[in-house]
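Student: For reference, the file query38.pdb (PDB, C-alpha atoms, pLDDT in the B column) is included below:
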```
ATOM      1  CA  MET A  78       3.799  25.507 -12.623  1.00 31.00           C
ATOM      2  CA  ALA A  79       1.049  22.900 -13.012  1.00 34.00           C
ATOM      3  CA  LYS A  80      -2.430  23.927 -12.017  1.00 39.00           C
ATOM      4  CA  ALA A  81      -3.592  22.381  -8.740  1.00 39.00           C
ATOM      5  CA  PRO A  82      -6.283  19.719  -9.244  1.00 46.00           C
ATOM      6  CA  SER A  83      -9.845  20.697  -8.400  1.00 52.00           C
ATOM      7  CA  THR A  84     -11.416  19.431  -5.206  1.00 75.00           C
ATOM      8  CA  VAL A  85     -13.920  17.388  -7.227  1.00 63.00           C
ATOM      9  CA  GLY A  86     -11.181  15.955  -9.417  1.00 72.00           C
ATOM     10  CA  ALA A  87      -8.985  15.044  -6.460  1.00 82.00           C
ATOM     11  CA  SER A  88     -11.921  13.428  -4.654  1.00 89.00           C
ATOM     12  CA  THR A  89     -12.897  11.417  -7.739  1.00 93.00           C
ATOM     13  CA  TYR A  90      -9.321  10.263  -8.190  1.00 94.00           C
ATOM     14  CA  GLN A  91      -9.045   9.117  -4.574  1.00 94.00           C
ATOM     15  CA  ARG A  92     -12.375   7.287  -4.646  1.00 94.00           C
ATOM     16  CA  ILE A  93     -11.719   5.418  -7.893  1.00 96.00           C
ATOM     17  CA  LYS A  94      -8.178   4.541  -6.862  1.00 95.00           C
ATOM     18  CA  LYS A  95      -9.401   3.225  -3.507  1.00 92.00           C
ATOM     19  CA  ASP A  96     -12.101   1.140  -5.210  1.00 95.00           C
ATOM     20  CA  ILE A  97      -9.442  -0.372  -7.495  1.00 95.00           C
ATOM     21  CA  ILE A  98      -7.074  -1.124  -4.606  1.00 92.00           C
ATOM     22  CA  PHE A  99      -9.813  -2.641  -2.439  1.00 88.00           C
ATOM     23  CA  GLY A 100     -11.266  -4.687  -5.307  1.00 90.00           C
ATOM     24  CA  LYS A 101     -14.610  -2.940  -5.688  1.00 93.00           C
ATOM     25  CA  LEU A 102     -13.561  -2.330  -9.280  1.00 95.00           C
ATOM     26  CA  GLU A 103     -12.300  -5.765 -10.274  1.00 94.00           C
ATOM     27  CA  PRO A 104      -9.068  -6.416 -12.201  1.00 95.00           C
ATOM     28  CA  GLY A 105      -9.672  -6.466 -15.945  1.00 94.00           C
ATOM     29  CA  SER A 106     -13.159  -4.933 -15.691  1.00 95.00           C
ATOM     30  CA  LYS A 107     -14.180  -2.255 -18.178  1.00 95.00           C
ATOM     31  CA  LEU A 108     -14.579   1.281 -16.880  1.00 95.00           C
ATOM     32  CA  LYS A 109     -17.527   2.725 -18.781  1.00 93.00           C
ATOM     33  CA  LEU A 110     -17.733   6.486 -18.468  1.00 93.00           C
ATOM     34  CA  ASP A 111     -21.534   6.624 -18.311  1.00 92.00           C
ATOM     35  CA  THR A 112     -21.598   4.112 -15.470  1.00 93.00           C
ATOM     36  CA  LEU A 113     -18.803   5.874 -13.607  1.00 95.00           C
ATOM     37  CA  LYS A 114     -20.543   9.220 -14.044  1.00 94.00           C
ATOM     38  CA  ASP A 115     -23.507   7.995 -12.014  1.00 92.00           C
ATOM     39  CA  ARG A 116     -21.433   6.067  -9.490  1.00 94.00           C
ATOM     40  CA  TYR A 117     -19.030   8.900  -8.642  1.00 93.00           C
ATOM     41  CA  ALA A 118     -21.190  11.927  -9.494  1.00 91.00           C
ATOM     42  CA  ALA A 119     -18.466  13.358 -11.693  1.00 92.00           C
ATOM     43  CA  SER A 120     -18.426  14.919 -15.146  1.00 92.00           C
ATOM     44  CA  LEU A 121     -17.118  13.045 -18.171  1.00 92.00           C
ATOM     45  CA  SER A 122     -14.147  15.401 -18.453  1.00 92.00           C
ATOM     46  CA  THR A 123     -13.236  14.833 -14.800  1.00 93.00           C
ATOM     47  CA  LEU A 124     -13.512  11.076 -15.273  1.00 94.00           C
ATOM     48  CA  ARG A 125     -11.319  11.079 -18.388  1.00 93.00           C
ATOM     49  CA  GLU A 126      -8.706  13.154 -16.592  1.00 93.00           C
ATOM     50  CA  THR A 127      -8.856  10.844 -13.573  1.00 95.00           C
ATOM     51  CA  LEU A 128      -8.609   7.641 -15.600  1.00 95.00           C
ATOM     52  CA  ASN A 129      -5.704   8.999 -17.624  1.00 94.00           C
ATOM     53  CA  ARG A 130      -3.921   9.835 -14.377  1.00 94.00           C
ATOM     54  CA  LEU A 131      -4.556   6.362 -13.014  1.00 96.00           C
ATOM     55  CA  ALA A 132      -3.346   4.912 -16.318  1.00 95.00           C
ATOM     56  CA  SER A 133      -0.074   6.832 -15.953  1.00 94.00           C
ATOM     57  CA  GLU A 134       0.311   5.280 -12.485  1.00 95.00           C
ATOM     58  CA  GLY A 135      -0.460   1.748 -13.683  1.00 95.00           C
ATOM     59  CA  PHE A 136      -3.836   1.169 -12.018  1.00 97.00           C
ATOM     60  CA  VAL A 137      -5.799   1.555 -15.271  1.00 97.00           C
ATOM     61  CA  GLU A 138      -5.086   0.542 -18.846  1.00 94.00           C
ATOM     62  CA  ALA A 139      -6.251   2.433 -21.915  1.00 89.00           C
ATOM     63  CA  PRO A 140      -5.867   0.172 -24.979  1.00 83.00           C
ATOM     64  CA  GLU A 141      -6.151   2.136 -28.213  1.00 75.00           C
ATOM     65  CA  GLN A 142      -9.787   2.556 -29.275  1.00 69.00           C
ATOM     66  CA  ARG A 143     -10.999   0.284 -26.468  1.00 78.00           C
ATOM     67  CA  GLY A 144     -11.706   2.729 -23.655  1.00 87.00           C
ATOM     68  CA  PHE A 145     -10.457   2.130 -20.125  1.00 94.00           C
ATOM     69  CA  LEU A 146     -10.164  -0.979 -17.954  1.00 95.00           C
ATOM     70  CA  VAL A 147      -8.800  -1.828 -14.533  1.00 96.00           C
ATOM     71  CA  THR A 148      -5.269  -3.157 -14.897  1.00 96.00           C
ATOM     72  CA  PRO A 149      -5.326  -6.981 -14.719  1.00 95.00           C
ATOM     73  CA  VAL A 150      -3.283  -8.825 -12.102  1.00 95.00           C
ATOM     74  CA  SER A 151      -0.692 -11.563 -12.526  1.00 95.00           C
ATOM     75  CA  ARG A 152       1.821 -13.463 -10.436  1.00 95.00           C
ATOM     76  CA  GLU A 153       4.671 -11.987 -12.486  1.00 97.00           C
ATOM     77  CA  ASP A 154       3.463  -8.442 -11.850  1.00 96.00           C
ATOM     78  CA  LEU A 155       3.144  -9.058  -8.114  1.00 96.00           C
ATOM     79  CA  ILE A 156       6.681 -10.442  -7.916  1.00 97.00           C
ATOM     80  CA  GLU A 157       8.058  -7.410  -9.742  1.00 97.00           C
ATOM     81  CA  ILE A 158       6.136  -5.026  -7.459  1.00 97.00           C
ATOM     82  CA  ALA A 159       7.402  -6.841  -4.357  1.00 97.00           C
ATOM     83  CA  GLU A 160      11.012  -6.618  -5.561  1.00 97.00           C
ATOM     84  CA  LEU A 161      10.628  -2.882  -6.127  1.00 98.00           C
ATOM     85  CA  ARG A 162       9.114  -2.518  -2.662  1.00 97.00           C
ATOM     86  CA  VAL A 163      12.137  -4.282  -1.156  1.00 98.00           C
ATOM     87  CA  LEU A 164      14.526  -1.912  -2.935  1.00 97.00           C
ATOM     88  CA  LEU A 165      12.663   1.292  -2.100  1.00 98.00           C
ATOM     89  CA  GLU A 166      11.463   0.544   1.421  1.00 98.00           C
ATOM     90  CA  CYS A 167      14.687  -1.000   2.698  1.00 98.00           C
ATOM     91  CA  TYR A 168      16.712   1.968   1.429  1.00 98.00           C
ATOM     92  CA  ALA A 169      14.222   4.434   2.910  1.00 98.00           C
ATOM     93  CA  LEU A 170      14.296   2.560   6.226  1.00 98.00           C
ATOM     94  CA  GLU A 171      18.083   2.732   6.402  1.00 97.00           C
ATOM     95  CA  LEU A 172      18.003   6.502   5.889  1.00 98.00           C
ATOM     96  CA  SER A 173      15.132   6.937   8.327  1.00 98.00           C
ATOM     97  CA  VAL A 174      16.798   4.981  11.133  1.00 97.00           C
ATOM     98  CA  ARG A 175      19.905   7.131  10.741  1.00 96.00           C
ATOM     99  CA  ASN A 176      18.047  10.455  10.543  1.00 96.00           C
ATOM    100  CA  GLY A 177      15.044   9.928  12.816  1.00 97.00           C
ATOM    101  CA  ASP A 178      14.603  12.240  15.794  1.00 97.00           C
ATOM    102  CA  THR A 179      12.493  12.027  18.943  1.00 97.00           C
ATOM    103  CA  ASP A 180       9.319  12.934  17.037  1.00 97.00           C
ATOM    104  CA  TRP A 181      10.008  10.099  14.601  1.00 98.00           C
ATOM    105  CA  GLU A 182      10.390   7.681  17.501  1.00 98.00           C
ATOM    106  CA  GLY A 183       7.139   8.881  19.058  1.00 98.00           C
ATOM    107  CA  ASN A 184       5.211   8.521  15.794  1.00 98.00           C
ATOM    108  CA  LEU A 185       6.649   5.050  15.273  1.00 98.00           C
ATOM    109  CA  VAL A 186       5.644   3.975  18.790  1.00 98.00           C
ATOM    110  CA  ALA A 187       2.089   5.229  18.228  1.00 98.00           C
ATOM    111  CA  ALA A 188       1.811   3.561  14.815  1.00 98.00           C
ATOM    112  CA  HIS A 189       3.047   0.215  16.133  1.00 98.00           C
ATOM    113  CA  HIS A 190       0.683   0.399  19.115  1.00 97.00           C
ATOM    114  CA  LYS A 191      -2.372   0.847  16.864  1.00 97.00           C
ATOM    115  CA  LEU A 192      -1.243  -1.925  14.538  1.00 96.00           C
ATOM    116  CA  HIS A 193      -0.501  -4.312  17.410  1.00 95.00           C
ATOM    117  CA  LEU A 194      -3.950  -3.808  18.962  1.00 94.00           C
ATOM    118  CA  THR A 195      -5.610  -4.578  15.633  1.00 93.00           C
ATOM    119  CA  GLU A 196      -3.412  -7.632  15.137  1.00 93.00           C
ATOM    120  CA  GLN A 197      -4.411  -8.945  18.559  1.00 92.00           C
ATOM    121  CA  GLN A 198      -8.047  -8.539  17.535  1.00 91.00           C
ATOM    122  CA  LEU A 199      -7.394 -10.636  14.415  1.00 88.00           C
ATOM    123  CA  LEU A 200      -5.570 -13.271  16.447  1.00 88.00           C
ATOM    124  CA  ARG A 201      -8.690 -13.595  18.607  1.00 89.00           C
ATOM    125  CA  GLY A 202     -10.656 -14.444  15.455  1.00 86.00           C
ATOM    126  CA  ASP A 203     -12.389 -11.085  15.015  1.00 85.00           C
ATOM    127  CA  GLU A 204     -11.956 -10.162  11.333  1.00 78.00           C
ATOM    128  CA  SER A 205     -14.518  -7.350  11.256  1.00 79.00           C
ATOM    129  CA  GLU A 206     -11.877  -4.620  10.865  1.00 80.00           C
ATOM    130  CA  LYS A 207      -9.648  -5.967   8.118  1.00 78.00           C
ATOM    131  CA  GLU A 208      -9.538  -2.688   6.214  1.00 80.00           C
ATOM    132  CA  THR A 209      -8.583  -0.873   9.425  1.00 88.00           C
ATOM    133  CA  TRP A 210      -5.839  -3.444   9.984  1.00 88.00           C
ATOM    134  CA  LYS A 211      -4.418  -2.796   6.516  1.00 87.00           C
ATOM    135  CA  ARG A 212      -4.572   0.976   7.087  1.00 90.00           C
ATOM    136  CA  TYR A 213      -2.665   0.639  10.350  1.00 95.00           C
ATOM    137  CA  ASP A 214      -0.214  -1.695   8.639  1.00 94.00           C
ATOM    138  CA  TRP A 215       0.432   1.014   6.038  1.00 94.00           C
ATOM    139  CA  GLU A 216       0.767   3.690   8.737  1.00 96.00           C
ATOM    140  CA  PHE A 217       3.345   1.577  10.577  1.00 97.00           C
ATOM    141  CA  HIS A 218       5.484   1.006   7.498  1.00 97.00           C
ATOM    142  CA  GLN A 219       5.125   4.672   6.573  1.00 97.00           C
ATOM    143  CA  ALA A 220       6.166   5.733  10.076  1.00 98.00           C
ATOM    144  CA  MET A 221       9.304   3.594   9.882  1.00 98.00           C
ATOM    145  CA  ILE A 222      10.544   5.292   6.705  1.00 98.00           C
ATOM    146  CA  SER A 223       9.122   8.786   7.270  1.00 97.00           C
ATOM    147  CA  ALA A 224      12.462  10.275   8.354  1.00 98.00           C
ATOM    148  CA  CYS A 225      14.317   9.332   5.166  1.00 97.00           C
ATOM    149  CA  ASN A 226      14.173  13.030   4.167  1.00 96.00           C
ATOM    150  CA  SER A 227      13.372  12.327   0.525  1.00 97.00           C
ATOM    151  CA  ARG A 228       9.993  13.342  -0.880  1.00 96.00           C
ATOM    152  CA  ASN A 229      10.759  11.586  -4.165  1.00 97.00           C
ATOM    153  CA  LEU A 230      11.595   8.335  -2.412  1.00 97.00           C
ATOM    154  CA  LEU A 231       8.454   8.479  -0.279  1.00 97.00           C
ATOM    155  CA  SER A 232       6.316   9.247  -3.329  1.00 96.00           C
ATOM    156  CA  ALA A 233       7.757   6.348  -5.331  1.00 96.00           C
ATOM    157  CA  HIS A 234       7.346   4.003  -2.366  1.00 97.00           C
ATOM    158  CA  SER A 235       3.725   5.086  -1.825  1.00 95.00           C
ATOM    159  CA  LEU A 236       2.838   4.207  -5.422  1.00 96.00           C
ATOM    160  CA  ILE A 237       4.489   0.787  -5.227  1.00 97.00           C
ATOM    161  CA  TYR A 238       2.938   0.078  -1.825  1.00 95.00           C
ATOM    162  CA  ASP A 239      -0.544   0.818  -3.183  1.00 95.00           C
ATOM    163  CA  LYS A 240       0.034  -1.622  -6.042  1.00 96.00           C
ATOM    164  CA  TYR A 241       1.252  -4.249  -3.575  1.00 94.00           C
ATOM    165  CA  LEU A 242      -1.740  -3.594  -1.324  1.00 91.00           C
ATOM    166  CA  ARG A 243      -4.136  -4.231  -4.223  1.00 92.00           C
ATOM    167  CA  TYR A 244      -2.878  -7.790  -4.455  1.00 92.00           C
ATOM    168  CA  GLN A 245      -3.123  -8.271  -0.710  1.00 87.00           C
ATOM    169  CA  MET A 246      -6.727  -7.079  -0.706  1.00 86.00           C
ATOM    170  CA  LEU A 247      -7.630  -9.520  -3.484  1.00 85.00           C
ATOM    171  CA  VAL A 248      -6.611 -12.448  -1.267  1.00 80.00           C
ATOM    172  CA  LEU A 249      -7.121 -10.829   2.115  1.00 70.00           C
ATOM    173  CA  THR A 250      -5.871 -13.478   4.494  1.00 69.00           C
ATOM    174  CA  TYR A 251      -3.902 -13.052   7.688  1.00 73.00           C
ATOM    175  CA  ARG A 252      -0.488 -14.617   8.387  1.00 82.00           C
ATOM    176  CA  GLY A 253      -1.159 -14.571  12.109  1.00 85.00           C
ATOM    177  CA  ALA A 254       1.371 -14.579  14.926  1.00 90.00           C
ATOM    178  CA  GLU A 255       4.309 -14.789  12.517  1.00 92.00           C
ATOM    179  CA  ALA A 256       3.514 -11.376  11.007  1.00 91.00           C
ATOM    180  CA  VAL A 257       2.893  -9.892  14.462  1.00 93.00           C
ATOM    181  CA  GLN A 258       6.359 -10.969  15.592  1.00 95.00           C
ATOM    182  CA  GLU A 259       7.951  -9.643  12.412  1.00 97.00           C
ATOM    183  CA  HIS A 260       6.430  -6.219  13.026  1.00 97.00           C
ATOM    184  CA  LYS A 261       7.604  -6.265  16.645  1.00 97.00           C
ATOM    185  CA  ASP A 262      11.153  -7.245  15.662  1.00 98.00           C
ATOM    186  CA  MET A 263      11.333  -4.514  13.003  1.00 98.00           C
ATOM    187  CA  PHE A 264       9.988  -1.988  15.488  1.00 98.00           C
ATOM    188  CA  ASP A 265      12.574  -2.934  18.114  1.00 98.00           C
ATOM    189  CA  ALA A 266      15.457  -2.842  15.622  1.00 98.00           C
ATOM    190  CA  ALA A 267      14.407   0.567  14.296  1.00 98.00           C
ATOM    191  CA  LEU A 268      14.180   2.079  17.790  1.00 97.00           C
ATOM    192  CA  ALA A 269      17.560   0.534  18.638  1.00 97.00           C
ATOM    193  CA  ARG A 270      18.941   2.347  15.560  1.00 97.00           C
ATOM    194  CA  ASP A 271      20.203  -0.935  14.120  1.00 98.00           C
ATOM    195  CA  ALA A 272      19.718  -0.129  10.448  1.00 97.00           C
ATOM    196  CA  ARG A 273      21.283  -3.331   9.138  1.00 97.00           C
ATOM    197  CA  LYS A 274      19.072  -5.576  11.265  1.00 98.00           C
ATOM    198  CA  ALA A 275      15.945  -3.526  10.557  1.00 98.00           C
ATOM    199  CA  LYS A 276      16.558  -3.755   6.794  1.00 98.00           C
ATOM    200  CA  SER A 277      17.148  -7.502   6.953  1.00 98.00           C
ATOM    201  CA  LEU A 278      13.959  -8.036   8.952  1.00 98.00           C
ATOM    202  CA  LEU A 279      11.961  -5.812   6.590  1.00 98.00           C
ATOM    203  CA  GLU A 280      13.142  -7.666   3.496  1.00 98.00           C
ATOM    204  CA  ALA A 281      12.235 -11.010   5.064  1.00 97.00           C
ATOM    205  CA  HIS A 282       8.842  -9.583   6.066  1.00 96.00           C
ATOM    206  CA  ILE A 283       8.051  -8.439   2.523  1.00 96.00           C
ATOM    207  CA  ARG A 284       9.202 -11.719   0.987  1.00 96.00           C
ATOM    208  CA  ASN A 285       7.182 -13.763   3.482  1.00 94.00           C
ATOM    209  CA  GLY A 286       4.129 -11.678   2.621  1.00 92.00           C
ATOM    210  CA  LEU A 287       4.810 -12.177  -1.080  1.00 94.00           C
ATOM    211  CA  GLU A 288       4.979 -15.954  -0.700  1.00 93.00           C
ATOM    212  CA  HIS A 289       1.767 -15.931   1.344  1.00 90.00           C
ATOM    213  CA  THR A 290      -0.082 -13.871  -1.252  1.00 91.00           C
ATOM    214  CA  LEU A 291       1.194 -15.972  -4.181  1.00 92.00           C
ATOM    215  CA  ASN A 292       0.029 -19.141  -2.446  1.00 90.00           C
ATOM    216  CA  ALA A 293      -3.426 -17.618  -1.912  1.00 86.00           C
ATOM    217  CA  MET A 294      -3.887 -16.413  -5.514  1.00 82.00           C
TER     218      MET A 294
END
```
What is this file in structure tokens?

Tutor:
Amino acid sequence: MAKAPSTVGASTYQRIKKDIIFGKLEPGSKLKLDTLKDRYAASLSTLRETLNRLASEGFVEAPEQRGFLVTPVSREDLIEIAELRVLLECYALELSVRNGDTDWEGNLVAAHHKLHLTEQQLLRGDESEKETWKRYDWEFHQAMISACNSRNLLSAHSLIYDKYLRYQMLVLTYRGAEAVQEHKDMFDAALARDARKAKSLLEAHIRNGLEHTLNAM
């Protein structure tokens, strides 16, 4: 059995990954170990282990003899990531709608409520909590598929969602009332246990977000 990662190693991994997703470490930028050592207060061995892990997940590249760099972005990569998200999330949603119990419904209601309040704040022109909005957006989508009863599916979806989120954060703009309505419609269909409608709405939602992000790149 693999040894559990150290607390320091896990913390360093989470911090660097978050900084890549939220653009604090820019696409294509070099990741110099000495600089990272000071920035994250981590040892060189911990940093190498962390960067190799992120490289295996696709957030970092390690060209031979050239050290590490943040994985560059491209329109083609975003399109591929979005297509994978459609496949994984729509399948997980179908399973979740079929399997979800009362606790699942309650968690979904709470997640949508938090997201909706943040969306209303954005609609009023207050953009001070954009990172909170994206966190609640993630929590809502996660709540919808949480009852799929497949750890492997949820793990694969989480990785793809993080890659998709990185692109969204690079061009962080809001689609407005259209996205709010899409979330509401998906929420209603999921609670009504209409898996076919929920999947169709989710696919349209992802593709609309893809088009919006591509136009903003």

Student: Between A:Arg201, A:Arg152, A:Lys191, A:His260, which is the closest to A:His218 once you count only C-alpha atoms?

Tutor: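 Of all the options, A:His260 lies closest to A:His218.
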
Student: Mind pulling up the distance from atom CA of A:Leu279 to atom CA of A:Met263?

Tutor: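 Straight-line distance from atom CA of A:Met263 to atom CA of A:Leu279 works out to 6.6 Å.
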
Student: Run the PyMOL selection byres ((chain A and resi 222-226) around 10) against the file shown and list the residues it catches, as a VMD selection string.

Tutor: chain A and resid 165 to 178 180 to 182 184 to 185 216 to 221 227 to 231 234 267

Student: Quick one: pull the distance between atom CA of A:Leu108 and atom CA of A:Tyr238, Å, one decimal.

Tutor: 23.1 Å

Student: Can you turn the PyMOL selection byres ((chain A and resi 202-211) around 10) into a concrete residue list for this file, as a ChimeraX atom specification?

Tutor: /A:99,191-201,212-217,242,245-246,249-251

Student: Which one is closest to A:Ile98: A:Thr148, A:Asn292, A:Thr112, A:Asn129? Count all atoms listed in the file.

Tutor: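 Ranked by minimum distance to A:Ile98, first place goes to A:Thr148.
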
Student: Do you know which residues the PyMOL selection byres ((chain A and resi 89-92) around 9) returns on this file, as a list in words?

Tutor: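 That expression, the PyMOL selection byres ((chain A and resi 89-92) around 9), corresponds here to Thr84, Val85, Gly86, Ala87, Ser88, Ile93, Lys94, Lys95, Asp96, Ile97, Tyr117, Ala118, Ala119, Thr123, Leu124, Glu126, Thr127, Leu128, Arg130 and Leu131 of chain A.
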
Student: Keeping C-alpha atoms for every residue in the selection just given, could you write it to a file as a PDB file, in the coordinates of the input?

Tutor:
```
ATOM      1  CA  THR A  84     -11.416  19.431  -5.206  1.00 75.00           C
ATOM      2  CA  VAL A  85     -13.920  17.388  -7.227  1.00 63.00           C
ATOM      3  CA  GLY A  86     -11.181  15.955  -9.417  1.00 72.00           C
ATOM      4  CA  ALA A  87      -8.985  15.044  -6.460  1.00 82.00           C
ATOM      5  CA  SER A  88     -11.921  13.428  -4.654  1.00 89.00           C
ATOM      6  CA  ILE A  93     -11.719   5.418  -7.893  1.00 96.00           C
ATOM      7  CA  LYS A  94      -8.178   4.541  -6.862  1.00 95.00           C
ATOM      8  CA  LYS A  95      -9.401   3.225  -3.507  1.00 92.00           C
ATOM      9  CA  ASP A  96     -12.101   1.140  -5.210  1.00 95.00           C
ATOM     10  CA  ILE A  97      -9.442  -0.372  -7.495  1.00 95.00           C
ATOM     11  CA  TYR A 117     -19.030   8.900  -8.642  1.00 93.00           C
ATOM     12  CA  ALA A 118     -21.190  11.927  -9.494  1.00 91.00           C
ATOM     13  CA  ALA A 119     -18.466  13.358 -11.693  1.00 92.00           C
ATOM     14  CA  THR A 123     -13.236  14.833 -14.800  1.00 93.00           C
ATOM     15  CA  LEU A 124     -13.512  11.076 -15.273  1.00 94.00           C
ATOM     16  CA  GLU A 126      -8.706  13.154 -16.592  1.00 93.00           C
ATOM     17  CA  THR A 127      -8.856  10.844 -13.573  1.00 95.00           C
ATOM     18  CA  LEU A 128      -8.609   7.641 -15.600  1.00 95.00           C
ATOM     19  CA  ARG A 130      -3.921   9.835 -14.377  1.00 94.00           C
ATOM     20  CA  LEU A 131      -4.556   6.362 -13.014  1.00 96.00           C
TER      21      LEU A 131
END
```

Student: State, in Å with one decimal place, the distance from atom CA of A:Leu247 to atom CA of A:Asp262.

Tutor: 26.9 Å

Student: Would you mind telling me which residue in A:Thr179, A:His289, A:Ala256, A:Lys261 lies nearest to A:Ala275 when using only C-alpha atoms?

Tutor: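 Of A:Thr179, A:His289, A:Ala256, A:Lys261, the one nearest A:Ala275 is A:Lys261, counting only C-alpha atoms.
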
Student: Which residues, protein or nucleic acid, reach to within 12 Å of (10.3, -14.3, 7.5) in the file's coordinates when using all atoms listed in the file, and can you give that as a list of chain:residue names?

Tutor: A:Arg252, A:Ala254, A:Glu255, A:Ala256, A:Val257, A:Gln258, A:Glu259, A:His260, A:Asp262, A:Met263, A:Ser277, A:Leu278, A:Leu279, A:Glu280, A:Ala281, A:His282, A:Ile283, A:Arg284, A:Asn285, A:Gly286, A:Leu287, A:Glu288, A:His289

Student: List the residues sitting within 12 Å of (-5.2, -0.3, -22.3) in the file's frame, using all atoms listed in the file, as an MDAnalysis selection string.

Tutor: chainID A and resid 105:108 128:129 131:133 135:149
